[in-house]
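K.L.:
Quick one, work29.cif (mmCIF, C-alpha atoms):
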```
data_my_file
#
loop_
_atom_site.label_atom_id
_atom_site.label_comp_id
_atom_site.auth_asym_id
_atom_site.auth_seq_id
_atom_site.Cartn_x
_atom_site.Cartn_y
_atom_site.Cartn_z
CA MET A 1 -59.70 73.48 -27.05
CA THR A 2 -62.44 71.98 -24.94
CA ILE A 3 -61.95 68.77 -22.97
CA THR A 4 -64.89 67.15 -21.25
CA ILE A 5 -64.40 65.48 -17.90
CA HIS A 6 -66.96 62.93 -16.74
CA VAL A 7 -67.24 62.89 -12.95
CA PRO A 8 -68.54 59.75 -11.21
CA ALA A 9 -71.50 60.09 -8.91
CA ALA A 10 -69.40 59.38 -5.82
CA LEU A 11 -67.24 62.46 -6.44
CA ARG A 12 -69.81 64.98 -7.63
CA ALA A 13 -70.18 66.55 -4.20
CA GLY A 14 -66.69 67.88 -4.80
CA CYS A 15 -67.76 69.93 -7.82
CA GLY A 16 -71.18 71.21 -6.92
CA GLY A 17 -72.94 68.11 -8.18
CA ALA A 18 -71.78 68.47 -11.78
CA ALA A 19 -71.61 65.27 -13.81
CA GLU A 20 -69.43 66.93 -16.43
CA LEU A 21 -66.77 69.59 -16.30
CA PHE A 22 -65.18 71.39 -19.20
CA VAL A 23 -61.55 72.47 -19.30
CA SER A 24 -59.00 73.59 -21.81
CA ALA A 25 -55.81 71.63 -21.22
CA PRO A 26 -53.02 70.14 -23.36
CA SER A 27 -52.49 67.09 -21.12
CA VAL A 28 -54.15 65.03 -18.43
CA ARG A 29 -51.81 66.57 -15.88
CA ALA A 30 -52.85 70.08 -16.93
CA ALA A 31 -56.50 69.08 -16.74
CA LEU A 32 -55.99 67.78 -13.19
CA GLU A 33 -54.20 71.00 -12.25
CA GLN A 34 -57.27 72.92 -13.33
CA ILE A 35 -59.45 70.62 -11.26
CA GLU A 36 -57.16 71.18 -8.29
CA ARG A 37 -57.52 74.94 -8.63
CA ASN A 38 -61.26 75.03 -9.22
CA HIS A 39 -62.52 71.98 -7.35
CA PRO A 40 -59.96 71.03 -4.67
CA SER A 41 -62.28 68.55 -2.98
CA LEU A 42 -62.83 66.68 -6.24
CA TYR A 43 -59.09 66.71 -6.88
CA ARG A 44 -58.39 65.14 -3.48
CA GLY A 45 -60.71 62.30 -4.43
CA VAL A 46 -58.75 61.63 -7.61
CA CYS A 47 -55.16 62.29 -6.52
CA ASP A 48 -53.35 61.93 -3.22
CA GLU A 49 -51.24 64.68 -1.72
CA THR A 50 -48.18 63.61 -3.71
CA GLY A 51 -50.06 64.24 -6.95
CA ARG A 52 -50.36 60.57 -7.83
CA VAL A 53 -53.68 59.29 -9.12
CA ARG A 54 -55.17 57.18 -6.34
CA ARG A 55 -54.53 53.48 -6.66
CA HIS A 56 -58.18 52.55 -7.05
CA VAL A 57 -59.09 55.38 -9.41
CA ASN A 58 -58.80 54.99 -13.16
CA LEU A 59 -58.59 57.84 -15.63
CA PHE A 60 -59.60 57.16 -19.20
CA VAL A 61 -59.00 59.41 -22.19
CA ASN A 62 -61.78 58.43 -24.52
CA ARG A 63 -61.57 54.62 -24.20
CA SER A 64 -57.93 54.27 -23.10
CA ASP A 65 -56.73 54.00 -19.51
CA VAL A 66 -54.02 56.66 -19.18
CA ARG A 67 -51.85 54.04 -17.42
CA ASP A 68 -51.72 52.30 -20.81
CA ARG A 69 -50.73 55.53 -22.54
CA GLU A 70 -48.40 58.19 -21.17
CA GLY A 71 -49.98 58.48 -17.74
CA LEU A 72 -50.52 62.05 -16.63
CA ASP A 73 -48.47 63.23 -19.60
CA THR A 74 -51.01 61.84 -22.04
CA VAL A 75 -51.60 64.54 -24.63
CA LEU A 76 -55.13 65.83 -25.12
CA VAL A 77 -56.72 67.21 -28.25
CA ALA A 78 -59.93 69.13 -28.69
CA GLY A 79 -62.97 66.98 -28.16
CA ASP A 80 -61.23 64.41 -25.93
CA VAL A 81 -63.21 63.05 -23.03
CA ILE A 82 -61.61 62.23 -19.68
CA THR A 83 -63.64 59.77 -17.65
CA ILE A 84 -62.90 59.32 -13.94
CA LEU A 85 -63.97 55.90 -12.67
CA PRO A 86 -63.45 53.88 -9.52
CA ALA A 87 -61.52 50.66 -10.20
CA VAL A 88 -63.06 47.24 -9.77
CA SER A 89 -61.84 46.30 -6.30
CA GLY A 90 -63.05 46.01 -2.76
CA GLY A 91 -64.67 43.36 -0.64
CA MET B 92 -76.90 64.95 33.89
CA PRO B 93 -75.76 62.24 31.44
CA GLU B 94 -78.77 60.24 30.41
CA ARG B 95 -77.74 57.61 27.94
CA VAL B 96 -75.01 55.25 26.87
CA LEU B 97 -73.74 55.92 23.39
CA LEU B 98 -71.65 53.54 21.33
CA CYS B 99 -69.77 54.41 18.17
CA ILE B 100 -69.04 51.26 16.20
CA GLY B 101 -66.58 51.65 13.34
CA THR B 102 -66.84 48.86 10.80
CA LYS B 103 -65.49 47.82 7.44
CA LYS B 104 -68.67 49.21 5.89
CA GLY B 105 -69.26 52.42 7.79
CA LEU B 106 -70.07 53.82 11.21
CA PHE B 107 -72.95 52.67 13.39
CA VAL B 108 -74.22 54.44 16.50
CA ALA B 109 -76.05 52.55 19.23
CA GLU B 110 -77.88 54.23 22.07
CA ALA B 111 -79.48 52.97 25.28
CA PRO B 112 -80.82 54.36 28.53
CA LYS B 113 -78.36 53.98 31.38
CA ALA B 114 -79.86 50.63 32.38
CA ARG B 115 -78.45 49.34 29.07
CA ARG B 116 -81.24 46.80 28.63
CA SER B 117 -81.72 47.49 24.93
CA PHE B 118 -79.69 49.44 22.39
CA ALA B 119 -81.18 51.17 19.36
CA LEU B 120 -78.92 51.10 16.31
CA ARG B 121 -78.60 53.72 13.61
CA GLY B 122 -76.40 53.86 10.55
CA PRO B 123 -74.39 53.04 8.63
CA PHE B 124 -72.95 56.50 8.17
CA GLY B 125 -70.31 56.89 5.49
CA SER B 126 -71.80 53.68 4.18
CA GLY B 127 -69.54 51.20 2.46
CA VAL B 128 -66.40 52.91 3.72
CA ALA B 129 -64.16 51.60 6.52
CA VAL B 130 -64.05 53.41 9.86
CA TYR B 131 -60.99 52.72 11.98
CA ALA B 132 -61.24 55.59 14.48
CA ALA B 133 -64.04 57.26 16.40
CA LEU B 134 -64.25 59.78 19.20
CA ILE B 135 -67.12 60.75 21.47
CA ASP B 136 -66.02 64.23 22.49
CA ARG B 137 -67.73 65.42 25.67
CA ARG B 138 -65.83 68.64 26.27
CA ARG B 139 -68.92 70.65 25.37
CA THR B 140 -72.21 69.60 23.80
CA PRO B 141 -71.24 66.07 22.80
CA ARG B 142 -69.77 65.81 19.36
CA LEU B 143 -68.97 62.58 17.57
CA TYR B 144 -66.07 62.17 15.18
CA ALA B 145 -65.17 59.26 12.94
CA SER B 146 -62.63 58.61 10.27
CA SER B 147 -63.93 57.44 6.91
CA CYS B 148 -61.20 55.70 5.00
CA ASN B 149 -62.22 55.33 1.41
CA ALA B 150 -59.86 53.06 -0.48
CA PHE B 151 -61.00 54.67 -3.71
CA PHE B 152 -61.24 58.38 -3.04
CA GLY B 153 -59.23 59.04 0.10
CA MET B 154 -59.81 59.98 3.71
CA LYS B 155 -62.48 62.04 5.35
CA VAL B 156 -63.34 63.00 8.91
CA LEU B 157 -67.03 62.83 9.80
CA PHE B 158 -68.68 64.66 12.67
CA SER B 159 -72.09 64.81 14.28
CA ILE B 160 -73.55 67.38 16.64
CA ASP B 161 -76.79 65.48 17.31
CA LEU B 162 -75.46 62.32 18.94
CA GLY B 163 -75.07 60.48 15.70
CA LYS B 164 -78.38 61.07 14.02
CA LYS B 165 -76.66 62.83 11.12
CA PHE B 166 -73.03 63.15 10.11
CA LYS B 167 -71.25 65.69 7.93
CA GLU B 168 -67.70 65.89 6.66
CA THR B 169 -65.26 68.33 8.21
CA LYS B 170 -63.83 70.79 5.71
CA SER B 171 -60.65 68.75 5.33
CA ALA B 172 -58.86 65.63 6.45
CA PRO B 173 -55.22 65.45 7.50
CA ALA B 174 -52.86 65.58 4.53
CA PHE B 175 -49.11 65.50 4.23
CA PRO B 176 -47.38 68.55 2.80
CA LYS B 177 -47.12 68.28 -0.95
CA ASP B 178 -43.35 67.94 -0.97
CA ASP B 179 -43.29 65.35 1.83
CA GLY B 180 -43.59 62.34 -0.43
CA ARG B 181 -45.99 60.48 1.86
CA ALA B 182 -49.71 60.11 1.23
CA LEU B 183 -52.39 59.51 3.81
CA ALA B 184 -53.48 55.88 3.78
CA ASN B 185 -55.71 55.69 6.86
CA ILE B 186 -56.80 57.48 10.02
CA TRP B 187 -56.27 55.33 13.11
CA SER B 188 -56.86 57.53 16.14
CA LEU B 189 -58.77 60.64 17.11
CA GLU B 190 -58.32 62.19 20.54
CA PRO B 191 -59.37 65.45 22.19
CA GLY B 192 -56.80 68.18 22.76
CA ASP B 193 -56.78 70.93 25.39
CA ASP B 194 -59.18 73.51 24.00
CA THR B 195 -62.68 72.50 23.06
CA LYS B 196 -61.94 72.45 19.36
CA ASP B 197 -58.48 70.88 19.57
CA LEU B 198 -58.14 67.42 18.08
CA TRP B 199 -55.19 65.06 17.74
CA CYS B 200 -55.14 62.50 14.98
CA GLY B 201 -52.84 59.54 14.37
CA VAL B 202 -52.60 58.33 10.80
CA GLU B 203 -51.02 55.83 8.45
CA PRO B 204 -48.21 56.10 7.46
CA ALA B 205 -47.46 56.75 11.12
CA SER B 206 -47.67 60.48 11.70
CA LEU B 207 -49.47 62.86 13.99
CA PHE B 208 -51.73 65.75 13.04
CA ARG B 209 -53.48 68.40 15.11
CA SER B 210 -56.52 70.54 14.46
CA SER B 211 -57.52 73.65 16.39
CA ASP B 212 -60.88 74.10 14.69
CA GLY B 213 -62.75 70.88 15.23
CA GLY B 214 -61.22 69.06 12.29
CA ASP B 215 -61.75 71.64 9.57
CA SER B 216 -58.01 72.16 9.10
CA TRP B 217 -55.01 70.10 10.16
CA GLU B 218 -51.30 70.59 10.72
CA MET B 219 -48.72 67.84 10.78
CA VAL B 220 -46.78 67.57 14.06
CA PRO B 221 -43.17 67.50 12.91
CA GLY B 222 -41.63 66.31 16.19
CA ILE B 223 -42.86 62.79 15.54
CA SER B 224 -43.92 62.84 11.89
CA ASN B 225 -40.44 63.91 10.82
CA HIS B 226 -38.64 62.12 13.64
CA GLU B 227 -35.29 60.70 12.61
CA HIS B 228 -36.78 57.22 13.05
CA ALA B 229 -39.92 57.86 11.00
CA ARG B 230 -38.57 56.67 7.68
CA LYS B 231 -37.17 53.56 9.36
CA TRP B 232 -40.48 52.29 10.73
CA HIS B 233 -42.09 49.42 8.85
CA PRO B 234 -45.75 48.52 8.43
CA GLY B 235 -47.19 45.62 10.35
CA ASN B 236 -50.00 43.53 8.97
CA GLY B 237 -52.46 46.35 9.61
CA GLY B 238 -50.29 49.02 8.02
CA LEU B 239 -47.82 51.51 9.50
CA CYS B 240 -50.25 53.05 11.91
CA MET B 241 -50.21 55.51 14.79
CA HIS B 242 -53.04 54.00 16.77
CA THR B 243 -52.55 55.36 20.29
CA ILE B 244 -52.42 58.94 21.49
CA LEU B 245 -52.43 59.27 25.28
CA ARG B 246 -52.09 62.70 26.84
CA ASP B 247 -51.15 63.40 30.44
CA GLY B 248 -50.34 67.06 31.02
CA SER B 249 -47.21 67.85 29.08
CA ARG B 250 -46.60 64.16 28.41
CA VAL B 251 -47.81 62.59 25.19
CA HIS B 252 -47.55 58.86 24.61
CA LEU B 253 -47.82 57.51 21.10
CA GLY B 254 -48.19 53.89 20.03
CA ILE B 255 -46.97 52.97 16.57
CA SER B 256 -47.13 49.63 14.81
CA THR B 257 -44.44 48.99 13.97
CA GLY B 258 -42.47 51.79 15.55
CA GLY B 259 -42.95 51.29 19.26
CA HIS B 260 -43.78 53.70 22.06
CA TYR B 261 -42.73 57.32 21.73
CA LEU B 262 -42.88 59.80 24.58
CA SER B 263 -42.98 63.56 24.56
CA GLU B 264 -42.48 65.47 27.77
CA ASP B 265 -42.86 68.90 26.22
CA GLY B 266 -46.45 68.78 25.07
CA GLY B 267 -45.77 67.10 21.77
CA ARG B 268 -42.98 69.30 20.45
CA THR B 269 -40.30 66.62 20.60
CA PHE B 270 -40.48 62.85 21.04
CA LYS B 271 -38.10 60.11 22.07
CA ALA B 272 -38.44 56.37 21.57
CA SER B 273 -39.18 54.96 25.01
CA ASN B 274 -39.18 51.20 24.74
CA ARG B 275 -36.95 49.91 27.51
CA GLY B 276 -38.38 46.48 28.30
CA VAL B 277 -40.58 46.38 25.20
CA GLY B 278 -39.56 43.31 23.23
CA ALA B 279 -39.82 42.30 19.60
CA GLY B 280 -39.87 38.78 18.21
CA PHE B 281 -39.31 39.65 14.57
CA VAL B 282 -35.85 41.24 14.65
CA PRO B 283 -32.56 39.80 15.88
CA ASP B 284 -32.29 42.25 18.82
CA PRO B 285 -34.93 41.11 21.33
CA PHE B 286 -35.18 44.59 22.85
CA PRO B 287 -34.48 47.15 20.11
CA GLU B 288 -34.45 50.88 20.68
CA PHE B 289 -37.51 51.25 18.45
CA GLY B 290 -39.44 49.35 15.82
CA GLN B 291 -41.60 47.24 18.16
CA CYS B 292 -45.05 46.22 17.04
CA VAL B 293 -47.02 47.89 19.83
CA HIS B 294 -50.70 47.04 19.52
CA LYS B 295 -52.30 49.38 22.06
CA ILE B 296 -51.43 51.44 25.16
CA SER B 297 -53.84 52.57 27.84
CA GLY B 298 -53.69 54.47 31.10
CA HIS B 299 -55.80 55.95 33.85
CA PRO B 300 -55.99 59.58 34.98
CA ASP B 301 -55.78 58.59 38.66
CA ALA B 302 -52.46 56.83 38.12
CA PRO B 303 -50.64 59.02 35.62
CA GLY B 304 -47.32 57.23 35.85
CA ARG B 305 -48.98 53.87 35.19
CA LEU B 306 -49.40 52.60 31.67
CA TYR B 307 -50.44 49.25 30.26
CA MET B 308 -49.35 47.98 26.86
CA GLN B 309 -50.53 45.18 24.62
CA ASN B 310 -47.45 44.49 22.54
CA HIS B 311 -47.07 41.95 19.77
CA GLY B 312 -46.43 38.81 21.79
CA GLY B 313 -47.02 35.19 20.97
CA TRP B 314 -43.38 34.40 20.24
CA PRO B 315 -42.41 30.94 21.53
CA ASP B 316 -38.75 31.89 21.69
CA ARG B 317 -39.39 35.23 23.38
CA PRO B 318 -42.20 34.63 25.82
CA GLY B 319 -43.81 37.24 28.00
CA ILE B 320 -43.15 40.33 25.91
CA GLY B 321 -46.80 40.82 24.93
CA VAL B 322 -48.51 42.34 27.96
CA LEU B 323 -46.55 45.02 29.76
CA ARG B 324 -46.81 47.66 32.43
CA SER B 325 -44.91 50.85 33.14
CA ASP B 326 -44.85 52.70 36.45
CA ASP B 327 -42.60 55.55 35.42
CA HIS B 328 -44.53 57.31 32.68
CA GLY B 329 -43.45 54.87 30.03
CA HIS B 330 -39.70 55.15 30.49
CA THR B 331 -39.40 51.46 31.37
CA TRP B 332 -41.72 48.50 30.95
CA ARG B 333 -42.08 45.06 32.54
CA SER B 334 -44.04 41.97 31.70
CA ILE B 335 -47.38 41.28 33.39
CA SER B 336 -48.36 38.40 31.14
CA LYS B 337 -47.90 35.59 33.70
CA GLY B 338 -51.20 33.76 34.11
CA LEU B 339 -52.59 34.58 30.69
CA PRO B 340 -53.16 31.78 28.15
CA SER B 341 -51.36 33.85 25.50
CA ASP B 342 -49.53 37.15 25.55
CA PHE B 343 -50.73 37.99 22.04
CA GLY B 344 -53.73 40.25 21.60
CA PHE B 345 -54.75 43.67 20.43
CA PRO B 346 -56.83 45.81 22.83
CA ILE B 347 -55.98 46.67 26.42
CA VAL B 348 -58.52 48.60 28.50
CA VAL B 349 -58.39 50.01 32.03
CA HIS B 350 -61.35 50.14 34.41
CA PRO B 351 -62.69 53.70 34.65
CA HIS B 352 -62.71 53.75 38.47
CA ASP B 353 -59.74 51.55 39.32
CA PRO B 354 -56.32 51.85 37.70
CA ASP B 355 -55.40 48.39 39.03
CA THR B 356 -58.10 46.71 36.96
CA VAL B 357 -57.15 46.02 33.38
CA TYR B 358 -58.66 43.90 30.61
CA VAL B 359 -57.13 42.07 27.64
CA VAL B 360 -58.34 39.59 25.04
CA PRO B 361 -55.64 36.92 24.66
CA LEU B 362 -55.46 35.43 21.18
CA GLU B 363 -53.46 32.44 20.05
CA THR B 364 -51.16 32.64 17.07
CA PRO B 365 -51.18 32.07 14.16
CA MET B 366 -54.99 32.07 14.19
CA ARG B 367 -55.26 35.32 16.14
CA THR B 368 -58.47 34.03 17.67
CA CYS B 369 -59.28 33.08 21.24
CA PRO B 370 -57.65 29.86 22.45
CA GLY B 371 -59.67 26.77 21.57
CA GLY B 372 -62.30 28.79 19.73
CA ALA B 373 -63.71 29.78 23.13
CA PRO B 374 -63.72 33.58 23.44
CA ALA B 375 -62.89 35.21 26.74
CA VAL B 376 -61.81 38.52 28.16
CA TRP B 377 -59.22 38.30 30.91
CA ARG B 378 -59.22 40.71 33.83
CA SER B 379 -56.58 41.59 36.35
CA GLU B 380 -57.60 43.44 39.49
CA ASP B 381 -54.09 43.81 40.81
CA GLY B 382 -52.37 45.66 38.01
CA GLY B 383 -51.39 42.55 36.11
CA GLY B 384 -50.25 40.43 39.03
CA SER B 385 -52.90 37.82 38.38
CA TRP B 386 -55.63 37.25 35.82
CA LYS B 387 -59.15 35.86 35.76
CA ARG B 388 -61.01 34.52 32.72
CA LEU B 389 -64.36 36.20 32.04
CA ALA B 390 -66.52 34.20 29.63
CA ARG B 391 -69.98 33.76 31.10
CA GLY B 392 -72.41 34.22 28.23
CA LEU B 393 -69.77 34.06 25.51
CA PRO B 394 -69.68 31.07 23.14
CA LYS B 395 -67.98 28.05 24.67
CA LYS B 396 -66.65 26.68 21.39
CA GLU B 397 -66.43 27.10 17.61
CA SER B 398 -66.00 30.88 17.65
CA PHE B 399 -63.05 32.12 15.68
CA PHE B 400 -62.98 35.89 15.64
CA THR B 401 -60.40 38.55 16.31
CA VAL B 402 -60.94 41.59 18.50
CA GLN B 403 -58.97 44.39 16.91
CA ARG B 404 -56.88 46.96 18.73
CA ASP B 405 -59.55 49.62 19.11
CA ALA B 406 -62.54 47.31 19.26
CA MET B 407 -62.91 47.17 23.06
CA ASP B 408 -64.00 49.91 25.45
CA ILE B 409 -65.65 50.31 28.84
CA ASP B 410 -68.32 52.75 29.96
CA GLU B 411 -68.04 54.97 33.03
CA LEU B 412 -71.21 54.08 34.90
CA PRO B 413 -70.76 53.12 38.59
CA THR B 414 -70.91 49.44 37.58
CA PRO B 415 -69.31 49.70 34.18
CA ALA B 416 -69.91 47.44 31.22
CA LEU B 417 -67.24 46.34 28.78
CA TYR B 418 -67.95 46.24 25.08
CA PHE B 419 -66.05 44.51 22.31
CA GLY B 420 -66.64 44.13 18.59
CA THR B 421 -65.43 41.24 16.50
CA THR B 422 -64.13 40.71 13.01
CA THR B 423 -67.24 38.57 12.48
CA GLY B 424 -69.49 41.55 13.14
CA GLN B 425 -70.72 40.83 16.64
CA LEU B 426 -70.92 43.46 19.33
CA TRP B 427 -70.75 42.04 22.85
CA MET B 428 -71.49 43.78 26.16
CA GLY B 429 -70.08 42.46 29.42
CA ARG B 430 -72.13 43.69 32.36
CA ASP B 431 -70.63 44.18 35.78
CA GLY B 432 -67.14 44.72 34.46
CA GLY B 433 -67.29 41.74 32.12
CA GLU B 434 -68.88 39.20 34.48
CA GLU B 435 -71.88 38.50 32.26
CA TRP B 436 -71.84 38.82 28.49
CA ASN B 437 -74.58 39.20 25.97
CA CYS B 438 -74.52 39.91 22.26
CA LEU B 439 -76.05 43.29 21.38
CA PHE B 440 -75.75 42.93 17.61
CA ASP B 441 -74.68 39.80 15.79
CA SER B 442 -74.51 40.64 12.10
CA LEU B 443 -72.73 43.93 11.66
CA PRO B 444 -69.87 44.23 9.19
CA PRO B 445 -66.41 43.37 10.57
CA ILE B 446 -65.78 45.75 13.47
CA HIS B 447 -62.63 47.87 13.64
CA CYS B 448 -63.36 50.14 16.60
CA VAL B 449 -65.76 50.57 19.49
CA LYS B 450 -66.03 53.71 21.61
CA VAL B 451 -68.50 54.24 24.42
CA ALA B 452 -69.49 57.21 26.53
CA VAL B 453 -72.26 58.19 28.89
CA VAL B 454 -73.75 61.41 27.52
#
```
Output the file's structure as structure tokens, nothing else.

P.N.:
Amino acid sequence: MTITIHVPAALRAGCGGAAELFVSAPSVRAALEQIERNHPSLYRGVCDETGRVRRHVNLFVNRSDVRDREGLDTVLVAGDVITILPAVSGG
Amino acid sequence: MPERVLLCIGTKKGLFVAEAPKARRSFALRGPFGSGVAVYAALIDRRRTPRLYASSCNAFFGMKVLFSIDLGKKFKETKSAPAFPKDDGRALANIWSLEPGDDTKDLWCGVEPASLFRSSDGGDSWEMVPGISNHEHARKWHPGNGGLCMHTILRDGSRVHLGISTGGHYLSEDGGRTFKASNRGVGAGFVPDPFPEFGQCVHKISGHPDAPGRLYMQNHGGWPDRPGIGVLRSDDHGHTWRSISKGLPSDFGFPIVVHPHDPDTVYVVPLETPMRTCPGGAPAVWRSEDGGGSWKRLARGLPKKESFFTVQRDAMDIDELPTPALYFGTTTGQLWMGRDGGEEWNCLFDSLPPIHCVKVAVV
């Protein structure tokens, strides 16, 4: 079951410059755990040390923000695409 | 022999480095480094070949520590930034202070939420210091407007002084293993008890190596009903504090800086509340040459009116040349230099991003 993860440009240094990663995971949480194991620097950019997704980072599964679904427990199926994006904020 | 004056300027949009020959006639600016990301702490570490450090506090993707080994021509990230243990429940929100430790690669780092970390490898790995980070008071501290920050780390042999907003002054006398709140005489205007055991909104603490028992504190003053609690002095290693604010136009402010060659000479930037800008829109640094007994206004060259900026807690520093110059950065992005100990001011840069911190060294 292959899940594609789109990595934003600002975080690609944390995964060797890759724009896409491929994992096999039944949930968003499991996908992030794989990122933590294989690309800890990328993981730290997405989640803080408590495991929460950073406030100004949004995770989408296909076109849905996981905050509008089941959060990190959102179930994944083969072919799903996780997109990591910075939120619209700042000044 | 040191040959140049180096400034690290931490801003809302990254770190800038300015360099000048010792005459300080003209500064060359480079940066921003870590562009677009706020820098609240910087360190010019001269314990060996000079090394610059800066925090890089990315609201999106978390904290980093930057370093440079070529006087700020290039910066890289250290291998890691401080991080709370996974089961701690707290998450790093900002890095507020970076200070050198004993060995050449030792670093101390104060963070938000208020906690202390140490590195023994130049910032590549970090360990939380439990004596203060897990202090019985730690979960009772509350954030001030700037966040719950550990902004001051002052080391004096086995003594370690920490400034926390809002937490107060904490003192270790065993090298940082254990800490006690040490706030006798430090007031607070925002709780019923005017002199609580802890929880004060300390803005900055400074000292001088030639007078190790002497400390100066800029506390959160500006309270009409509790006057005089803003600018304080200790003569017993921070065990007790007394007001030295008489003669100042306001006892509210953020930075407090001591002259490098005279522990009796101390500088503050009084701000009026609620604006938190200099009284009357006329900026001035105030200097005492008698340890806070009296104060003189230093404003020659600064705007005389219509200037409404704040100088933040780490945004003023002084170089160590025989006739030192003061430097302060403003929330409106100006960097000012006050020659001859602040007697004559001129603006070095007038359109930087809002400035959070200024550090200077002769290297």

K.L.:
Do a neighbour search on stretch 51-57 of chain A at 8 Å with only C-alpha atoms, toss out local chain neighbours closer than 4 positions, and write the hits as a VMD selection string.

P.N.:
(chain A and resid 45 to 47 84 to 89) or (chain B and resid 150 to 153 177)

K.L.:
Any chance you could work out the residue set of the PyMOL selection byres ((chain B) within 10 of (chain A)) here, as a compact mmCIF listing (two decimals) with C-alpha atoms, in the frame of the given file?

P.N.:
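Everything below was put into result-v3.txt:
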```txt
# COMPACT_ATOMS: atom_id res chain seq x y z
CA LYS B 103 -65.49 47.82 7.44
CA LYS B 104 -68.67 49.21 5.89
CA GLY B 127 -69.54 51.20 2.46
CA ASN B 149 -62.22 55.33 1.41
CA ALA B 150 -59.86 53.06 -0.48
CA PHE B 151 -61.00 54.67 -3.71
CA PHE B 152 -61.24 58.38 -3.04
CA GLY B 153 -59.23 59.04 0.10
CA MET B 154 -59.81 59.98 3.71
CA LYS B 155 -62.48 62.04 5.35
CA LYS B 170 -63.83 70.79 5.71
CA SER B 171 -60.65 68.75 5.33
CA ALA B 172 -58.86 65.63 6.45
CA ALA B 174 -52.86 65.58 4.53
CA PHE B 175 -49.11 65.50 4.23
CA PRO B 176 -47.38 68.55 2.80
CA LYS B 177 -47.12 68.28 -0.95
CA ASP B 178 -43.35 67.94 -0.97
CA ASP B 179 -43.29 65.35 1.83
CA GLY B 180 -43.59 62.34 -0.43
CA ARG B 181 -45.99 60.48 1.86
CA ALA B 182 -49.71 60.11 1.23
CA LEU B 183 -52.39 59.51 3.81
CA ALA B 184 -53.48 55.88 3.78
```

K.L.:
Near B:Gly319, counting only C-alpha atoms, which residues have an atom at most 10 Å away, once you skip same-chain residues fewer than 2 positions from it, shown as a ChimeraX atom specification?

P.N.:
/B:278,310,312-317,321-323,333-337,339,341-343

K.L.:
Restricted to C-alpha atoms, what would the selected residues look like written as a PDB file, in the frame of the given file?

P.N.:
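Contents of the output file again.pdb:
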```pdb
ATOM      1  CA  GLY B 278     -39.560  43.310  23.230  1.00  0.00           C
ATOM      2  CA  ASN B 310     -47.450  44.490  22.540  1.00  0.00           C
ATOM      3  CA  GLY B 312     -46.430  38.810  21.790  1.00  0.00           C
ATOM      4  CA  GLY B 313     -47.020  35.190  20.970  1.00  0.00           C
ATOM      5  CA  TRP B 314     -43.380  34.400  20.240  1.00  0.00           C
ATOM      6  CA  PRO B 315     -42.410  30.940  21.530  1.00  0.00           C
ATOM      7  CA  ASP B 316     -38.750  31.890  21.690  1.00  0.00           C
ATOM      8  CA  ARG B 317     -39.390  35.230  23.380  1.00  0.00           C
ATOM      9  CA  GLY B 321     -46.800  40.820  24.930  1.00  0.00           C
ATOM     10  CA  VAL B 322     -48.510  42.340  27.960  1.00  0.00           C
ATOM     11  CA  LEU B 323     -46.550  45.020  29.760  1.00  0.00           C
ATOM     12  CA  ARG B 333     -42.080  45.060  32.540  1.00  0.00           C
ATOM     13  CA  SER B 334     -44.040  41.970  31.700  1.00  0.00           C
ATOM     14  CA  ILE B 335     -47.380  41.280  33.390  1.00  0.00           C
ATOM     15  CA  SER B 336     -48.360  38.400  31.140  1.00  0.00           C
ATOM     16  CA  LYS B 337     -47.900  35.590  33.700  1.00  0.00           C
ATOM     17  CA  LEU B 339     -52.590  34.580  30.690  1.00  0.00           C
ATOM     18  CA  SER B 341     -51.360  33.850  25.500  1.00  0.00           C
ATOM     19  CA  ASP B 342     -49.530  37.150  25.550  1.00  0.00           C
ATOM     20  CA  PHE B 343     -50.730  37.990  22.040  1.00  0.00           C
TER      21      PHE B 343
END
```

K.L.:
Using the chain letters and numbering of this document, enumerate as JSON, numbers by chain the residues selected by the PyMOL selection byres ((chain B and resi 425-436) around 7).

P.N.:
{"B": [389, 391, 392, 393, 414, 415, 416, 417, 418, 419, 420, 421, 423, 424, 437, 438, 439, 440, 441, 442, 443]}

K.L.:
Just the number, please: distance in Å from atom CA of A:Arg63 to atom CA of A:Thr4, one decimal.

P.N.:
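According to the coordinates, atom CA of A:Arg63 and atom CA of A:Thr4 are separated by 13.3 Å.
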
K.L.:
Please list as a PyMOL selection string every residue within 12 Å of A:Val66, counting all atoms listed in the file and excluding residues in the same chain fewer than 5 positions away.

P.N.:
chain A and resi 27-29+53+57-61+71-76+81-85

K.L.:
Quick one: pull the distance between atom CA of B:Gly201 and atom CA of B:Ser147, Å, one decimal.

P.N.:
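Between atom CA of B:Gly201 and atom CA of B:Ser147 the gap is 13.5 Å.
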
K.L.:
One decimal, Å: what's the distance from atom CA of B:Pro141 over to atom CA of B:Val454, could you say?

P.N.:
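Computing the Euclidean distance for atom CA of B:Pro141 and atom CA of B:Val454 yields 7.1 Å.
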
K.L.:
Using all atoms listed in the file, which residues sit within 9 Å of B:Thr269 once same-chain residues fewer than 3 positions away are excluded, as a PyMOL selection string?

P.N.:
chain B and resi 221-223+226+262-266
